[in-house]
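structure_30.pdb follows (PDB, C-alpha atoms, pLDDT in the B column):
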MODEL        1
ATOM      1  CA  LYS A1347       0.000   0.000   0.000  1.00 72.00           C
ATOM      2  CA  HIS A1348       3.078   2.253   0.277  1.00 84.00           C
ATOM      3  CA  CYS A1349       1.915   3.874   3.494  1.00 83.00           C
ATOM      4  CA  SER A1350       3.226   3.498   7.034  1.00 79.00           C
ATOM      5  CA  LYS A1351      -0.200   2.645   8.447  1.00 83.00           C
ATOM      6  CA  CYS A1352      -3.382   1.299   6.828  1.00 83.00           C
ATOM      7  CA  ASN A1353      -6.864   0.126   7.841  1.00 81.00           C
ATOM      8  CA  SER A1354      -6.721  -3.547   8.805  1.00 78.00           C
ATOM      9  CA  VAL A1355     -10.119  -4.237   7.222  1.00 78.00           C
ATOM     10  CA  THR A1356     -10.265  -2.117   4.069  1.00 82.00           C
ATOM     11  CA  GLY A1357      -6.551  -1.670   3.428  1.00 77.00           C
ATOM     12  CA  ASP A1358      -7.029   2.086   3.024  1.00 83.00           C
ATOM     13  CA  CYS A1359      -4.055   4.210   4.007  1.00 86.00           C
ATOM     14  CA  ILE A1360      -4.708   6.165   7.194  1.00 82.00           C
ATOM     15  CA  SER A1361      -1.272   7.770   7.395  1.00 86.00           C
ATOM     16  CA  ASP A1362       1.088   9.623   5.091  1.00 88.00           C
ATOM     17  CA  CYS A1363       2.631   7.758   2.186  1.00 89.00           C
ATOM     18  CA  ILE A1364       6.256   6.681   2.107  1.00 90.00           C
ATOM     19  CA  ASN A1365       8.770   8.804   0.193  1.00 92.00           C
ATOM     20  CA  GLY A1366       8.347   8.600  -3.548  1.00 93.00           C
ATOM     21  CA  TYR A1367       4.554   8.354  -3.334  1.00 93.00           C
ATOM     22  CA  TYR A1368       1.730  10.860  -3.053  1.00 92.00           C
ATOM     23  CA  LYS A1369      -1.647  10.483  -1.407  1.00 89.00           C
ATOM     24  CA  GLU A1370      -4.847  10.681  -3.399  1.00 88.00           C
ATOM     25  CA  GLY A1371      -7.847  10.020  -1.215  1.00 87.00           C
ATOM     26  CA  SER A1372      -6.860   6.947   0.840  1.00 86.00           C
ATOM     27  CA  VAL A1373      -4.502   5.552  -1.803  1.00 88.00           C
ATOM     28  CA  CYS A1374      -0.756   6.111  -2.206  1.00 88.00           C
ATOM     29  CA  LYS A1375       0.406   6.435  -5.810  1.00 91.00           C
ATOM     30  CA  ASP A1376       3.865   6.411  -7.339  1.00 94.00           C
ATOM     31  CA  CYS A1377       5.291   9.906  -7.874  1.00 93.00           C
ATOM     32  CA  LYS A1378       6.726   8.695 -11.180  1.00 94.00           C
ATOM     33  CA  THR A1379       3.213   8.790 -12.629  1.00 93.00           C
ATOM     34  CA  LYS A1380       3.351  12.607 -12.439  1.00 94.00           C
ATOM     35  CA  PRO A1381       5.241  13.807 -15.535  1.00 95.00           C
ATOM     36  CA  TYR A1382       8.345  15.931 -14.768  1.00 94.00           C
ATOM     37  CA  CYS A1383       7.752  15.745 -11.002  1.00 94.00           C
ATOM     38  CA  LYS A1384      10.866  15.126  -8.902  1.00 93.00           C
ATOM     39  CA  THR A1385       9.423  15.155  -5.387  1.00 94.00           C
ATOM     40  CA  CYS A1386       5.791  14.596  -4.375  1.00 94.00           C
ATOM     41  CA  SER A1387       3.955  15.435  -1.170  1.00 92.00           C
ATOM     42  CA  VAL A1388       3.499  12.347   0.988  1.00 91.00           C
ATOM     43  CA  SER A1389       0.254  13.702   2.472  1.00 90.00           C
ATOM     44  CA  GLN A1390      -1.681  14.999  -0.546  1.00 90.00           C
ATOM     45  CA  ASN A1391      -2.017  14.921  -4.339  1.00 93.00           C
ATOM     46  CA  LYS A1392       0.676  17.498  -5.001  1.00 92.00           C
ATOM     47  CA  CYS A1393       4.055  17.888  -6.656  1.00 94.00           C
ATOM     48  CA  ASP A1394       6.474  19.792  -4.404  1.00 94.00           C
ATOM     49  CA  VAL A1395       9.549  19.964  -6.664  1.00 94.00           C
ATOM     50  CA  CYS A1396       9.696  19.555 -10.436  1.00 92.00           C
ATOM     51  CA  ASN A1397      12.520  18.640 -12.806  1.00 92.00           C
ATOM     52  CA  PRO A1398      14.727  21.471 -14.176  1.00 90.00           C
ATOM     53  CA  THR A1399      12.917  23.908 -16.540  1.00 89.00           C
ATOM     54  CA  TYR A1400       9.568  22.975 -14.903  1.00 92.00           C
ATOM     55  CA  TYR A1401       7.711  24.371 -11.903  1.00 91.00           C
ATOM     56  CA  PRO A1402       4.913  23.060  -9.636  1.00 93.00           C
ATOM     57  CA  THR A1403       1.336  23.982 -10.554  1.00 91.00           C
ATOM     58  CA  GLY A1404      -0.302  22.089  -7.697  1.00 88.00           C
ATOM     59  CA  THR A1405      -0.979  18.526  -8.750  1.00 91.00           C
ATOM     60  CA  GLY A1406       1.477  18.649 -11.663  1.00 93.00           C
ATOM     61  CA  CYS A1407       4.338  20.517 -13.379  1.00 93.00           C
ATOM     62  CA  ALA A1408       4.453  23.035 -16.220  1.00 92.00           C
ATOM     63  CA  LEU A1409       7.249  24.417 -18.385  1.00 91.00           C
ATOM     64  CA  CYS A1410       8.932  27.584 -17.071  1.00 88.00           C
ATOM     65  CA  THR A1411       8.543  29.071 -20.551  1.00 87.00           C
ATOM     66  CA  SER A1412       4.752  28.780 -20.231  1.00 86.00           C
ATOM     67  CA  LYS A1413       4.807  31.651 -17.716  1.00 85.00           C
ATOM     68  CA  GLY A1414       7.108  33.886 -19.783  1.00 86.00           C
ATOM     69  CA  CYS A1415      10.430  32.796 -18.257  1.00 87.00           C
ATOM     70  CA  SER A1416      13.165  32.818 -20.894  1.00 79.00           C
ATOM     71  CA  GLU A1417      15.498  30.618 -18.893  1.00 71.00           C
ATOM     72  CA  ASP A1418      15.196  28.111 -16.072  1.00 75.00           C
ATOM     73  CA  CYS A1419      12.889  28.955 -13.177  1.00 85.00           C
ATOM     74  CA  ASN A1420      12.983  27.776  -9.585  1.00 86.00           C
ATOM     75  CA  SER A1421      11.748  24.159  -9.689  1.00 86.00           C
ATOM     76  CA  ASP A1422      10.294  24.576  -6.206  1.00 87.00           C
ATOM     77  CA  THR A1423       8.719  28.069  -6.188  1.00 86.00           C
ATOM     78  CA  GLY A1424       8.428  28.721  -9.941  1.00 86.00           C
ATOM     79  CA  GLU A1425      10.150  32.103  -9.650  1.00 87.00           C
ATOM     80  CA  CYS A1426      11.738  33.321 -12.897  1.00 86.00           C
ATOM     81  CA  ASP A1427      15.202  34.823 -13.255  1.00 79.00           C
ATOM     82  CA  LYS A1428      14.636  36.460 -16.628  1.00 83.00           C
ATOM     83  CA  CYS A1429      11.696  36.899 -18.983  1.00 89.00           C
ATOM     84  CA  PHE A1430      11.077  36.453 -22.682  1.00 88.00           C
ATOM     85  CA  LYS A1431      10.860  39.540 -24.874  1.00 90.00           C
ATOM     86  CA  GLY A1432       7.354  40.919 -24.507  1.00 91.00           C
ATOM     87  CA  TYR A1433       7.342  40.360 -20.740  1.00 92.00           C
ATOM     88  CA  TYR A1434       8.734  42.329 -17.807  1.00 92.00           C
ATOM     89  CA  PHE A1435      10.096  40.977 -14.538  1.00 89.00           C
ATOM     90  CA  GLU A1436       8.574  41.736 -11.138  1.00 88.00           C
ATOM     91  CA  GLY A1437       8.785  39.762  -7.918  1.00 84.00           C
ATOM     92  CA  GLY A1438       9.937  36.572  -9.599  1.00 83.00           C
ATOM     93  CA  GLU A1439       7.089  36.695 -12.106  1.00 87.00           C
ATOM     94  CA  CYS A1440       7.012  37.516 -15.821  1.00 89.00           C
ATOM     95  CA  ILE A1441       4.115  39.798 -16.740  1.00 92.00           C
ATOM     96  CA  SER A1442       3.001  40.652 -20.257  1.00 92.00           C
ATOM     97  CA  CYS A1443       4.202  44.022 -21.499  1.00 94.00           C
ATOM     98  CA  THR A1444       0.696  44.619 -22.862  1.00 94.00           C
ATOM     99  CA  THR A1445      -0.404  45.396 -19.294  1.00 94.00           C
ATOM    100  CA  LYS A1446       1.660  48.610 -19.432  1.00 95.00           C
ATOM    101  CA  PRO A1447      -0.373  51.288 -21.280  1.00 96.00           C
ATOM    102  CA  ASN A1448       1.465  52.876 -24.251  1.00 96.00           C
ATOM    103  CA  CYS A1449       4.573  50.725 -23.727  1.00 96.00           C
ATOM    104  CA  GLU A1450       6.085  49.144 -26.835  1.00 95.00           C
ATOM    105  CA  GLU A1451       9.058  47.298 -25.323  1.00 96.00           C
ATOM    106  CA  CYS A1452       9.730  46.234 -21.724  1.00 95.00           C
ATOM    107  CA  SER A1453      12.878  45.249 -19.882  1.00 93.00           C
ATOM    108  CA  THR A1454      13.136  41.471 -19.468  1.00 90.00           C
ATOM    109  CA  THR A1455      14.955  41.759 -16.134  1.00 89.00           C
ATOM    110  CA  GLU A1456      13.005  44.461 -14.251  1.00 91.00           C
ATOM    111  CA  ASN A1457       9.671  46.270 -14.057  1.00 94.00           C
ATOM    112  CA  LYS A1458      10.471  48.939 -16.608  1.00 95.00           C
ATOM    113  CA  CYS A1459       9.379  50.154 -20.029  1.00 96.00           C
ATOM    114  CA  ILE A1460      12.425  50.832 -22.206  1.00 96.00           C
ATOM    115  CA  LYS A1461      10.523  52.079 -25.262  1.00 96.00           C
ATOM    116  CA  CYS A1462       7.094  53.675 -25.384  1.00 95.00           C
ATOM    117  CA  LYS A1463       4.744  54.201 -28.316  1.00 94.00           C
ATOM    118  CA  GLN A1464       5.236  57.248 -30.539  1.00 91.00           C
ATOM    119  CA  GLY A1465       4.333  60.419 -28.687  1.00 91.00           C
ATOM    120  CA  TRP A1466       5.232  58.884 -25.313  1.00 93.00           C
ATOM    121  CA  TYR A1467       8.439  58.204 -23.350  1.00 94.00           C
ATOM    122  CA  PRO A1468       9.417  56.373 -20.113  1.00 96.00           C
ATOM    123  CA  ASP A1469       8.603  58.580 -17.129  1.00 95.00           C
ATOM    124  CA  PRO A1470      11.814  59.177 -15.121  1.00 92.00           C
ATOM    125  CA  LEU A1471       9.742  59.961 -12.029  1.00 93.00           C
ATOM    126  CA  THR A1472       8.545  56.334 -11.958  1.00 94.00           C
ATOM    127  CA  ASN A1473      11.920  54.942 -13.082  1.00 93.00           C
ATOM    128  CA  GLY A1474      10.347  54.001 -16.406  1.00 94.00           C
ATOM    129  CA  ARG A1475       7.541  51.906 -14.936  1.00 95.00           C
ATOM    130  CA  THR A1476       5.008  54.058 -16.817  1.00 96.00           C
ATOM    131  CA  CYS A1477       4.949  56.067 -20.056  1.00 96.00           C
ATOM    132  CA  ILE A1478       4.202  59.788 -20.178  1.00 94.00           C
ATOM    133  CA  GLU A1479       3.214  62.002 -23.114  1.00 93.00           C
ATOM    134  CA  CYS A1480       5.935  63.979 -24.905  1.00 91.00           C
ATOM    135  CA  SER A1481       3.661  67.022 -24.739  1.00 89.00           C
ATOM    136  CA  SER A1482       4.092  67.026 -20.961  1.00 90.00           C
ATOM    137  CA  GLN A1483       7.544  68.495 -21.497  1.00 90.00           C
ATOM    138  CA  HIS A1484       6.437  70.914 -24.253  1.00 92.00           C
ATOM    139  CA  CYS A1485       7.679  68.836 -27.216  1.00 92.00           C
ATOM    140  CA  ALA A1486       5.875  69.560 -30.489  1.00 85.00           C
ATOM    141  CA  ASP A1487       4.741  66.312 -32.149  1.00 76.00           C
ATOM    142  CA  SER A1488       6.895  63.676 -30.535  1.00 76.00           C
ATOM    143  CA  CYS A1489      10.117  62.901 -28.695  1.00 91.00           C
ATOM    144  CA  ASP A1490      12.530  59.996 -28.546  1.00 93.00           C
ATOM    145  CA  SER A1491      10.371  57.106 -27.312  1.00 93.00           C
ATOM    146  CA  SER A1492      13.222  55.703 -25.206  1.00 94.00           C
ATOM    147  CA  THR A1493      14.954  58.790 -23.812  1.00 93.00           C
ATOM    148  CA  GLY A1494      12.285  61.502 -24.015  1.00 92.00           C
ATOM    149  CA  VAL A1495      14.694  63.816 -25.862  1.00 93.00           C
ATOM    150  CA  CYS A1496      12.769  66.428 -27.853  1.00 93.00           C
ATOM    151  CA  THR A1497      13.656  67.431 -31.410  1.00 89.00           C
ATOM    152  CA  GLU A1498      11.133  70.253 -31.751  1.00 91.00           C
ATOM    153  CA  CYS A1499       9.226  72.346 -29.246  1.00 93.00           C
ATOM    154  CA  ILE A1500       5.763  73.875 -29.187  1.00 92.00           C
ATOM    155  CA  ASP A1501       5.350  77.616 -29.855  1.00 90.00           C
ATOM    156  CA  ASN A1502       7.017  80.028 -27.448  1.00 91.00           C
ATOM    157  CA  HIS A1503       9.597  77.424 -26.418  1.00 93.00           C
ATOM    158  CA  PHE A1504      13.180  76.799 -27.518  1.00 93.00           C
ATOM    159  CA  LEU A1505      15.259  73.631 -27.635  1.00 92.00           C
ATOM    160  CA  ARG A1506      18.304  73.190 -25.406  1.00 90.00           C
ATOM    161  CA  GLU A1507      20.043  69.836 -24.930  1.00 90.00           C
ATOM    162  CA  GLY A1508      16.895  67.899 -25.816  1.00 90.00           C
ATOM    163  CA  LYS A1509      14.669  69.877 -23.442  1.00 91.00           C
ATOM    164  CA  CYS A1510      12.065  72.515 -24.289  1.00 93.00           C
ATOM    165  CA  LEU A1511      12.289  75.716 -22.276  1.00 94.00           C
ATOM    166  CA  THR A1512      10.000  78.733 -22.358  1.00 93.00           C
ATOM    167  CA  CYS A1513      11.062  81.778 -24.358  1.00 91.00           C
ATOM    168  CA  ALA A1514      10.568  83.800 -21.188  1.00 90.00           C
ATOM    169  CA  ASP A1515      13.810  82.207 -19.968  1.00 90.00           C
ATOM    170  CA  LYS A1516      15.638  84.222 -22.640  1.00 91.00           C
ATOM    171  CA  PRO A1517      15.809  87.863 -21.492  1.00 93.00           C
ATOM    172  CA  ASN A1518      14.421  90.334 -24.027  1.00 92.00           C
ATOM    173  CA  CYS A1519      13.520  87.613 -26.558  1.00 92.00           C
ATOM    174  CA  GLY A1520      10.194  88.111 -28.316  1.00 90.00           C
ATOM    175  CA  LYS A1521      10.245  84.993 -30.538  1.00 91.00           C
ATOM    176  CA  CYS A1522      12.536  82.000 -30.207  1.00 91.00           C
ATOM    177  CA  SER A1523      13.323  79.035 -32.463  1.00 91.00           C
ATOM    178  CA  SER A1524      11.399  75.826 -31.759  1.00 92.00           C
ATOM    179  CA  THR A1525      14.279  73.624 -32.970  1.00 91.00           C
ATOM    180  CA  THR A1526      17.404  75.416 -31.667  1.00 91.00           C
ATOM    181  CA  ASP A1527      18.627  77.480 -28.730  1.00 92.00           C
ATOM    182  CA  GLU A1528      18.360  80.717 -30.715  1.00 91.00           C
ATOM    183  CA  CYS A1529      16.228  83.829 -30.441  1.00 91.00           C
ATOM    184  CA  LEU A1530      14.694  84.757 -33.799  1.00 91.00           C
ATOM    185  CA  GLU A1531      13.322  88.134 -32.841  1.00 91.00           C
ATOM    186  CA  CYS A1532      14.178  90.277 -29.846  1.00 90.00           C
ATOM    187  CA  ALA A1533      12.181  92.867 -27.970  1.00 90.00           C
ATOM    188  CA  ASP A1534      12.322  96.486 -29.120  1.00 88.00           C
ATOM    189  CA  THR A1535      15.810  98.084 -28.805  1.00 88.00           C
ATOM    190  CA  TYR A1536      17.499  94.633 -28.869  1.00 90.00           C
ATOM    191  CA  TYR A1537      18.802  92.321 -31.607  1.00 89.00           C
ATOM    192  CA  PRO A1538      19.760  88.587 -31.733  1.00 90.00           C
ATOM    193  CA  GLU A1539      23.376  87.565 -31.432  1.00 87.00           C
ATOM    194  CA  GLY A1540      24.022  83.867 -30.889  1.00 80.00           C
ATOM    195  CA  HIS A1541      21.709  82.669 -28.135  1.00 86.00           C
ATOM    196  CA  GLU A1542      21.149  86.102 -26.601  1.00 90.00           C
ATOM    197  CA  CYS A1543      19.512  89.447 -27.260  1.00 92.00           C
ATOM    198  CA  ILE A1544      21.947  92.376 -27.244  1.00 89.00           C
ATOM    199  CA  SER A1545      21.126  96.055 -26.778  1.00 90.00           C
ATOM    200  CA  CYS A1546      21.165  98.062 -30.004  1.00 86.00           C
ATOM    201  CA  LYS A1547      23.402 100.550 -28.227  1.00 86.00           C
ATOM    202  CA  ASP A1548      26.113  97.887 -27.945  1.00 86.00           C
ATOM    203  CA  GLN A1549      26.788  98.377 -31.653  1.00 84.00           C
ATOM    204  CA  ARG A1550      26.537 102.168 -31.465  1.00 88.00           C
ATOM    205  CA  CYS A1551      22.944 102.252 -32.751  1.00 89.00           C
ATOM    206  CA  THR A1552      20.230 104.284 -31.157  1.00 85.00           C
ATOM    207  CA  ASP A1553      17.233 102.330 -29.882  1.00 78.00           C
ATOM    208  CA  THR A1554      16.048 101.794 -33.445  1.00 79.00           C
ATOM    209  CA  CYS A1555      17.948  98.754 -34.772  1.00 86.00           C
ATOM    210  CA  ASP A1556      16.152  95.871 -36.520  1.00 88.00           C
ATOM    211  CA  LYS A1557      15.077  93.392 -33.813  1.00 88.00           C
ATOM    212  CA  LYS A1558      15.644  90.452 -36.171  1.00 89.00           C
ATOM    213  CA  THR A1559      18.858  91.358 -37.992  1.00 88.00           C
ATOM    214  CA  GLY A1560      20.424  94.034 -35.806  1.00 87.00           C
ATOM    215  CA  ASP A1561      20.700  96.435 -38.774  1.00 90.00           C
ATOM    216  CA  CYS A1562      20.988 100.033 -37.565  1.00 89.00           C
ATOM    217  CA  ASN A1563      18.700 102.761 -38.797  1.00 84.00           C
ATOM    218  CA  GLU A1564      20.287 105.574 -36.807  1.00 87.00           C
ATOM    219  CA  CYS A1565      23.601 105.911 -34.961  1.00 89.00           C
ATOM    220  CA  LEU A1566      24.544 107.324 -31.605  1.00 90.00           C
ATOM    221  CA  PRO A1567      26.328 110.696 -31.638  1.00 90.00           C
ATOM    222  CA  GLY A1568      29.972 110.407 -32.783  1.00 90.00           C
ATOM    223  CA  ASN A1569      29.149 107.621 -35.244  1.00 90.00           C
ATOM    224  CA  TYR A1570      27.973 107.488 -38.841  1.00 87.00           C
ATOM    225  CA  LEU A1571      25.837 104.952 -40.710  1.00 87.00           C
ATOM    226  CA  ASP A1572      27.624 102.782 -43.276  1.00 87.00           C
ATOM    227  CA  ASP A1573      25.554 100.028 -44.882  1.00 84.00           C
ATOM    228  CA  LYS A1574      23.428  99.450 -41.759  1.00 84.00           C
ATOM    229  CA  ASP A1575      26.500  99.550 -39.475  1.00 87.00           C
ATOM    230  CA  CYS A1576      27.496 102.420 -37.193  1.00 88.00           C
ATOM    231  CA  ILE A1577      31.138 103.445 -37.575  1.00 89.00           C
ATOM    232  CA  PRO A1578      32.958 105.779 -35.142  1.00 90.00           C
ATOM    233  CA  CYS A1579      33.609 109.163 -36.766  1.00 90.00           C
ATOM    234  CA  ASP A1580      37.253 109.112 -35.626  1.00 83.00           C
ATOM    235  CA  SER A1581      37.993 105.788 -37.282  1.00 74.00           C
ATOM    236  CA  GLU A1582      40.159 105.636 -40.352  1.00 60.00           C
TER     237      GLU A1582
ENDMDL
END

The structure in this file should be written as C-alpha cells.
Amino acid sequence: KHCSKCNSVTGDCISDCINGYYKEGSVCKDCKTKPYCKTCSVSQNKCDVCNPTYYPTGTGCALCTSKGCSEDCNSDTGECDKCFKGYYFEGGECISCTTKPNCEECSTTENKCIKCKQGWYPDPLTNGRTCIECSSQHCADSCDSSTGVCTECIDNHFLREGKCLTCADKPNCGKCSSTTDECLECADTYYPEGHECISCKDQRCTDTCDKKTGDCNECLPGNYLDDKDCIPCDSE
C-alpha cells in the first residue's frame, strides 16, 4: 500500500505515504506517474519539486517558458530569473508588457518600459515603470520614445540639450526658435546675437535697430551709418 499505516479491514491508508509516493484520497500512488515531477507530497495529491525547466502547478508541473520565463525557473517556487521579450520581470514573475499602457518594449529583467509608443516616453519619475506624453515636457509632435529627448518644441519654447524651455527664460527675446537654442526676434531696442539678445546701443545704434537682424537705422552721436552699421567718426 506504500503507506506506514493502513486500515486492517479495508486496506485504506490512514497515514502519510512513504517517500516517492503521493496520497490521493486513501490511496498512495507512485510519484513517477506525475510527468516531470521530482518530489511529491506524501500527504496529498501534489508535486512539491519539479525537474529542471519545470515548476509546480499544484498537482502537476508546467514548463517555465509557459509563464514567460526565458530561462530556467525555480523548480520549487516557480520564480523566474529572466523573462522572454514581450514580458517584464517583477517579484519573480514575468508579466506581459501589454499590461503597461502605451509601452512598446519592456525590460526582461526588471519592471520597466524601455521604449514607449510614438508620442510617449518612459517617465523618469517612476523609473520608467510608466509612459508619459511627450507634450508634458512641451515637445511639439513627438520625442525619442526611449529617452524623451525632444527634437522640436511647441510655440514660445526653444530647444536646449533635448529639453524645451520657455522663451521667457531668454531675457528680451520676443520669438525664439522651436528647434534650436536661438532667439529669432528680440524685444524692441534689442537684436539677436548667438543665443542672446543684445542692446542696439552695444553696436553704437540708437534704440532703433532691426530686432531680427540688428541692422541700424540711426547711430549714436559720434558715429555714422555705413551700410546698416554704425562706424565711429574718428575711425580711419

Quote the spacing between atom CA of A:Thr1476 and atom CA of A:Glu1436 in Å to one decimal place.
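Computed distance, atom CA of A:Thr1476 to atom CA of A:Glu1436, equals 14.0 Å.
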
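Distances to A:Cys1459 were evaluated for A:Gly1424, A:Phe1504, A:His1484, A:Lys1431 using all atoms listed in the file, and the minimum falls at A:Lys1431.
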
On this structure, the PyMOL selection byres ((chain A and resi 1441) around 12) would catch which residues? List them as a ChimeraX atom specification, sorted by chain and number.
/A:1412-1415,1426,1428-1440,1442-1446,1452-1458

Rank nothing, just name the residue among A:Glu1451, A:Leu1409, A:Asp1580, A:Ser1421 nearest to A:Asn1397, using all atoms listed in the file.
A:Ser1421

Starting from the PyMOL selection byres ((chain A and resi 1381-1386) around 8), expand the selection into actual residues of this file and give them as a PyMOL selection string.
chain A and resi 1365-1368+1377-1380+1387-1388+1391-1397+1400+1402+1406-1407

I need the residue nearest A:Thr1356 from this list: A:Cys1410, A:Cys1555, A:Val1373, A:Val1495. Use all atoms listed in the file for the distance.
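Closest candidate: A:Val1373.
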
Taking all atoms listed in the file into account, name the residue in A:Asp1362, A:Asp1534, A:Glu1564, A:Asp1422 that is nearest to A:Gly1404.
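Comparing A:Asp1362, A:Asp1534, A:Glu1564, A:Asp1422 against A:Gly1404, the winner is A:Asp1422.
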
Residues within 9 Å of (35.5, 109.6, -37.2), file coordinates, counting only C-alpha atoms: what are they? Give the list as a ChimeraX atom specification.
/A:1568-1570,1577-1582

Expand the PyMOL selection byres ((chain A and resi 1520) around 9) into the individual residues it matches in the shown file, reporting them as a list of chain:residue names.
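Output from the PyMOL selection byres ((chain A and resi 1520) around 9), applied to this file: A:Asn1502, A:Cys1513, A:Ala1514, A:Lys1516, A:Pro1517, A:Asn1518, A:Cys1519, A:Lys1521, A:Cys1522, A:Cys1529, A:Leu1530, A:Glu1531, A:Cys1532, A:Ala1533, A:Asp1534.
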
Would you export the selected residues with C-alpha atoms as a PDB file, keeping the file's coordinate frame, please?
ATOM      1  CA  ASN A1502       7.017  80.028 -27.448  1.00 91.00           C
ATOM      2  CA  CYS A1513      11.062  81.778 -24.358  1.00 91.00           C
ATOM      3  CA  ALA A1514      10.568  83.800 -21.188  1.00 90.00           C
ATOM      4  CA  LYS A1516      15.638  84.222 -22.640  1.00 91.00           C
ATOM      5  CA  PRO A1517      15.809  87.863 -21.492  1.00 93.00           C
ATOM      6  CA  ASN A1518      14.421  90.334 -24.027  1.00 92.00           C
ATOM      7  CA  CYS A1519      13.520  87.613 -26.558  1.00 92.00           C
ATOM      8  CA  LYS A1521      10.245  84.993 -30.538  1.00 91.00           C
ATOM      9  CA  CYS A1522      12.536  82.000 -30.207  1.00 91.00           C
ATOM     10  CA  CYS A1529      16.228  83.829 -30.441  1.00 91.00           C
ATOM     11  CA  LEU A1530      14.694  84.757 -33.799  1.00 91.00           C
ATOM     12  CA  GLU A1531      13.322  88.134 -32.841  1.00 91.00           C
ATOM     13  CA  CYS A1532      14.178  90.277 -29.846  1.00 90.00           C
ATOM     14  CA  ALA A1533      12.181  92.867 -27.970  1.00 90.00           C
ATOM     15  CA  ASP A1534      12.322  96.486 -29.120  1.00 88.00           C
TER      16      ASP A1534
END

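Picture a line from atom CA of A:Thr1423 to atom CA of A:Thr1411; it runs 14.4 Å.
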
To test the calculation: enclose all listed atoms of stretch 1416-1427 of chain A in a box whose edges run along x, y and z, add 5 Å on each side, then state centre and edge lengths in Å to one decimal, as AutoDock Vina command-line options.
--center_x 12.0 --center_y 29.5 --center_z -13.5 --size_x 17.1 --size_y 20.7 --size_z 24.7

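Between atom CA of A:Asn1473 and atom CA of A:Thr1512 the interatomic distance comes to 25.6 Å.
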
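Near A:Ile1360, within a cut-off of 9 Å and counting all atoms listed in the file, sit the residues Cys1349, Ser1350, Lys1351, Cys1352, Asn1353 and Ser1372 of chain A, with same-chain residues fewer than 6 positions away left out.
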
Please determine, counting only C-alpha atoms, which residue among A:Pro1398, A:Pro1538, A:Gly1357, A:Gly1508 has the shortest atom-to-atom distance to A:Asp1561.
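For A:Asp1561, the nearest of the given residues is A:Pro1538.
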
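Counting all atoms listed in the file, the residue from A:Thr1535, A:Ser1481, A:Ser1492, A:Thr1525 that sits nearest to A:Ile1460 is A:Ser1492.
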
Stretch 1487-1490 of chain A environment, 8 Å, all atoms listed in the file, sequence neighbours closer than 6 positions dropped, as a ChimeraX atom specification:
/A:1464-1467,1480-1481,1496-1498

For stretch 1386-1418 of chain A of the structure just presented, write C-alpha atoms to a file, as a short mmCIF file (atom, residue, chain, number, x, y, z; two decimals), in the first residue's frame.
data_model
loop_
_atom_site.label_atom_id
_atom_site.label_comp_id
_atom_site.auth_asym_id
_atom_site.auth_seq_id
_atom_site.Cartn_x
_atom_site.Cartn_y
_atom_site.Cartn_z
CA CYS A 1386 5.79 14.60 -4.37
CA SER A 1387 3.96 15.43 -1.17
CA VAL A 1388 3.50 12.35 0.99
CA SER A 1389 0.25 13.70 2.47
CA GLN A 1390 -1.68 15.00 -0.55
CA ASN A 1391 -2.02 14.92 -4.34
CA LYS A 1392 0.68 17.50 -5.00
CA CYS A 1393 4.05 17.89 -6.66
CA ASP A 1394 6.47 19.79 -4.40
CA VAL A 1395 9.55 19.96 -6.66
CA CYS A 1396 9.70 19.55 -10.44
CA ASN A 1397 12.52 18.64 -12.81
CA PRO A 1398 14.73 21.47 -14.18
CA THR A 1399 12.92 23.91 -16.54
CA TYR A 1400 9.57 22.97 -14.90
CA TYR A 1401 7.71 24.37 -11.90
CA PRO A 1402 4.91 23.06 -9.64
CA THR A 1403 1.34 23.98 -10.55
CA GLY A 1404 -0.30 22.09 -7.70
CA THR A 1405 -0.98 18.53 -8.75
CA GLY A 1406 1.48 18.65 -11.66
CA CYS A 1407 4.34 20.52 -13.38
CA ALA A 1408 4.45 23.03 -16.22
CA LEU A 1409 7.25 24.42 -18.38
CA CYS A 1410 8.93 27.58 -17.07
CA THR A 1411 8.54 29.07 -20.55
CA SER A 1412 4.75 28.78 -20.23
CA LYS A 1413 4.81 31.65 -17.72
CA GLY A 1414 7.11 33.89 -19.78
CA CYS A 1415 10.43 32.80 -18.26
CA SER A 1416 13.16 32.82 -20.89
CA GLU A 1417 15.50 30.62 -18.89
CA ASP A 1418 15.20 28.11 -16.07
#
